[in-house]
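Data first, discussion second: the structure below is written as structure tokens.
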Amino acid sequence: MRRDSAGSEAANRSWWDADADAYHAEHAAFLGVDSADGDFVWCPEGLREAEAGLLGTVGPGTVAVEIGCGSAPCSRWLAAQGAAVVGIDISAGMLRRGLPQVRGGNPLLVQAGAERLPVADGAADVVCSAFGGIPFVADSAQVMAEAYRVLRPGGRFVFSVNHPMRWTFLDDPGPEGLVATLSYFDRSPYVETDDDGAPTYVEHHRTMGDRIREIVGAGLRVVDVLEPEWPEGFTQEWGQWSPLRGAIFPGTAIFCCEKPG
């Protein structure tokens with residue numbers, strides 16, 4: 001069972017290609033996939049970039065790169081603000097789902113992995129990832145290094161992932177998901193396999209300290225870490241995210257970083 005970068009990428013590319021239709025049937029409306037200008041939703045708690053402003057000022061002249069863009073609602077939202085955007089994802093099926101809404105070639109959608117961004121050094125003002133790519137790669141430290149490489153000095157990198165503490169709980173939105181079951185310090189990947197034992201889905205765990213060390217080790221500076229609270233009156237469930245769990249502990253961590261100028 002391969003759990004290295006190539007193995008994880010191959011398994012997850014196949015998974016998202018196969019799951020693209022089902023994923024969008026469930027989540028497209030929430031994410032704004034089919035709206036003309038897309039939408040930028042950071043997490044299942046519904047925090048939007050239009051309200052949070054985590055990327056700073058984005059407008060004409062801004063060059064933005066989205067890692068793990070999927071069907072690119074976030075990339076299209078950035079483009080609607082006037083930015084020139086490159087959206088990158090390993091899944092052709094996910095990218096294909098977003099193509100009908102792309103206007104004038106912006107965003108430019110590219111099939112590639114997060115550990116090897118097809119972007120020139122210092123080309124981007126902003127790099128972002130909303131649950132895209134980072135939990136699914138074996139070498140997330142390399143993703144941080146790539147973000148540093150493609151950013152100009154003073155550029156910002158912001159990414160959201162499942163909160164590291166969620167690793168200790170089962171992916172259950174109900175009462176069974178409130179009981180700590182797994183070791184927070186066990187960094188073995190979660191792997192699903194087919195009947196022949198071949199990996200079909202791989203997700204990797206990093207502790208909060210791991211995340212910070214990878215960011216700092218890449219040369220980036222941590223500006224803020226957000227743990228969005230569950231919104232009052234918000235009843236929608238998304239996989240393991242639910243009002244029951246969200247009222248007790250965080251489901252998402254958003255890391256805001258900058259490349260020193």
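All residue names refer to the structure tokens as shown: chains lettered A, B, ... in order, residues numbered from 1 in each chain, ligands numbered from 1 in order.
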>> Just list as a PyMOL selection string whatever in stretch 15-175 of chain A DSSP marks as strand (DSSP E).
In response: chain A and resi 63-67+84-89+108-111+124-130+151-162
Give me, as a Markdown table, each residue of stretch 38-94 of chain A that comes within 9 Å of stretch 233-242 of chain A, together with its shortest interatomic pair and the distance in Å at one decimal, counting only C-alpha atoms, with rows ordered by chain and rising residue number.
```
| residue | atom | partner | partner_atom | distance |
| --- | --- | --- | --- | --- |
| A:Pro44 | CA | A:Trp238 | CA | 6.6 |
| A:Glu45 | CA | A:Trp241 | CA | 8.0 |
| A:Gly46 | CA | A:Phe234 | CA | 9.0 |
```
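Residues in contact with A:Ala79 at up to 7 Å, not including ones fewer than 5 positions away on its chain and judged by only C-alpha atoms, are Ala84, Val85, Asn106 and Pro107 of chain A.
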> Using only C-alpha atoms, which of A:Pro260, A:Phe249, A:Ala52, A:Ile212 sits nearest A:Ala180?
Replying inline: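 Smallest distance to A:Ala180 is found for A:Phe249.
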>> Run DSSP on the backbone and tell me which residues of stretch 32-163 of chain A come out as helix (DSSP H, G or I); list them as number ranges by chain.
In response: A: 49-52, 73-80, 92-101, 134-136, 140-150
Mind writing the picked residues with C-alpha atoms as an mmCIF file, in the first residue's frame?
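And here is the file that came out, result.cif:
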```cif
data_model
loop_
_atom_site.group_PDB
_atom_site.id
_atom_site.type_symbol
_atom_site.label_atom_id
_atom_site.label_comp_id
_atom_site.auth_asym_id
_atom_site.auth_seq_id
_atom_site.Cartn_x
_atom_site.Cartn_y
_atom_site.Cartn_z
ATOM 1 C CA GLU A 49 -13.642 35.592 2.147
ATOM 2 C CA ALA A 50 -15.977 38.472 1.305
ATOM 3 C CA GLU A 51 -16.598 38.862 5.056
ATOM 4 C CA ALA A 52 -13.274 37.719 6.516
ATOM 5 C CA PRO A 73 -15.726 28.633 -7.237
ATOM 6 C CA CYS A 74 -13.059 30.356 -5.121
ATOM 7 C CA SER A 75 -10.840 31.020 -8.140
ATOM 8 C CA ARG A 76 -13.789 32.452 -10.051
ATOM 9 C CA TRP A 77 -14.669 34.680 -7.099
ATOM 10 C CA LEU A 78 -11.112 36.011 -7.059
ATOM 11 C CA ALA A 79 -11.296 36.596 -10.813
ATOM 12 C CA ALA A 80 -14.557 38.486 -10.344
ATOM 13 C CA ALA A 92 -9.685 16.495 -14.237
ATOM 14 C CA GLY A 93 -13.214 15.556 -13.205
ATOM 15 C CA MET A 94 -13.396 18.375 -10.680
ATOM 16 C CA LEU A 95 -11.828 20.913 -13.036
ATOM 17 C CA ARG A 96 -14.190 19.896 -15.820
ATOM 18 C CA ARG A 97 -17.166 20.603 -13.563
ATOM 19 C CA GLY A 98 -16.068 24.236 -13.200
ATOM 20 C CA LEU A 99 -15.132 24.969 -16.812
ATOM 21 C CA PRO A 100 -18.585 26.063 -18.050
ATOM 22 C CA GLN A 101 -18.539 29.041 -15.680
ATOM 23 C CA ILE A 134 -3.101 19.986 1.678
ATOM 24 C CA PRO A 135 -4.869 17.247 3.691
ATOM 25 C CA PHE A 136 -4.435 14.842 0.781
ATOM 26 C CA SER A 140 2.593 18.963 3.102
ATOM 27 C CA ALA A 141 5.896 20.625 4.049
ATOM 28 C CA GLN A 142 6.695 20.654 0.339
ATOM 29 C CA VAL A 143 3.420 22.475 -0.336
ATOM 30 C CA MET A 144 4.491 25.180 2.132
ATOM 31 C CA ALA A 145 7.853 25.416 0.365
ATOM 32 C CA GLU A 146 6.097 25.718 -2.988
ATOM 33 C CA ALA A 147 3.830 28.481 -1.680
ATOM 34 C CA TYR A 148 6.912 30.348 -0.456
ATOM 35 C CA ARG A 149 8.632 29.874 -3.824
ATOM 36 C CA VAL A 150 5.801 31.226 -5.982
#
```
> From the set A:Ala72, A:Ala83, A:Ala6, A:Val127, which residue has the shortest atom-to-atom contact distance to A:Gln111, counting only C-alpha atoms?
Replying inline: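 Distance minimum relative to A:Gln111 lands on A:Ala72.
Minimum atom-to-atom distance to A:Ser160, evaluated using only C-alpha atoms, belongs to A:Leu226 out of A:Ala20, A:Leu55, A:Leu226, A:Ala11.
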>> Let me make sure I understand: among A:Ile88, A:Ala123, A:Cys128, A:Val102, which one has the smallest atom-to-atom distance to A:Leu151 if we use only C-alpha atoms?
In response: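 Nearest candidate to A:Leu151 out of A:Ile88, A:Ala123, A:Cys128, A:Val102: A:Ala123.
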> So what do you get for atom CA of A:Arg166 versus atom CA of A:Arg245, distance-wise?
Replying inline: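 Taking atom CA of A:Arg166 as the start and atom CA of A:Arg245 as the end point, the length is 10.1 Å.
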>> I'd like the contact shell of A:His204 - 8 Å cut-off, only C-alpha atoms, skipping same-chain residues fewer than 6 positions apart - returned as a PyMOL selection string.
In response: chain A and resi 135-138+187-190
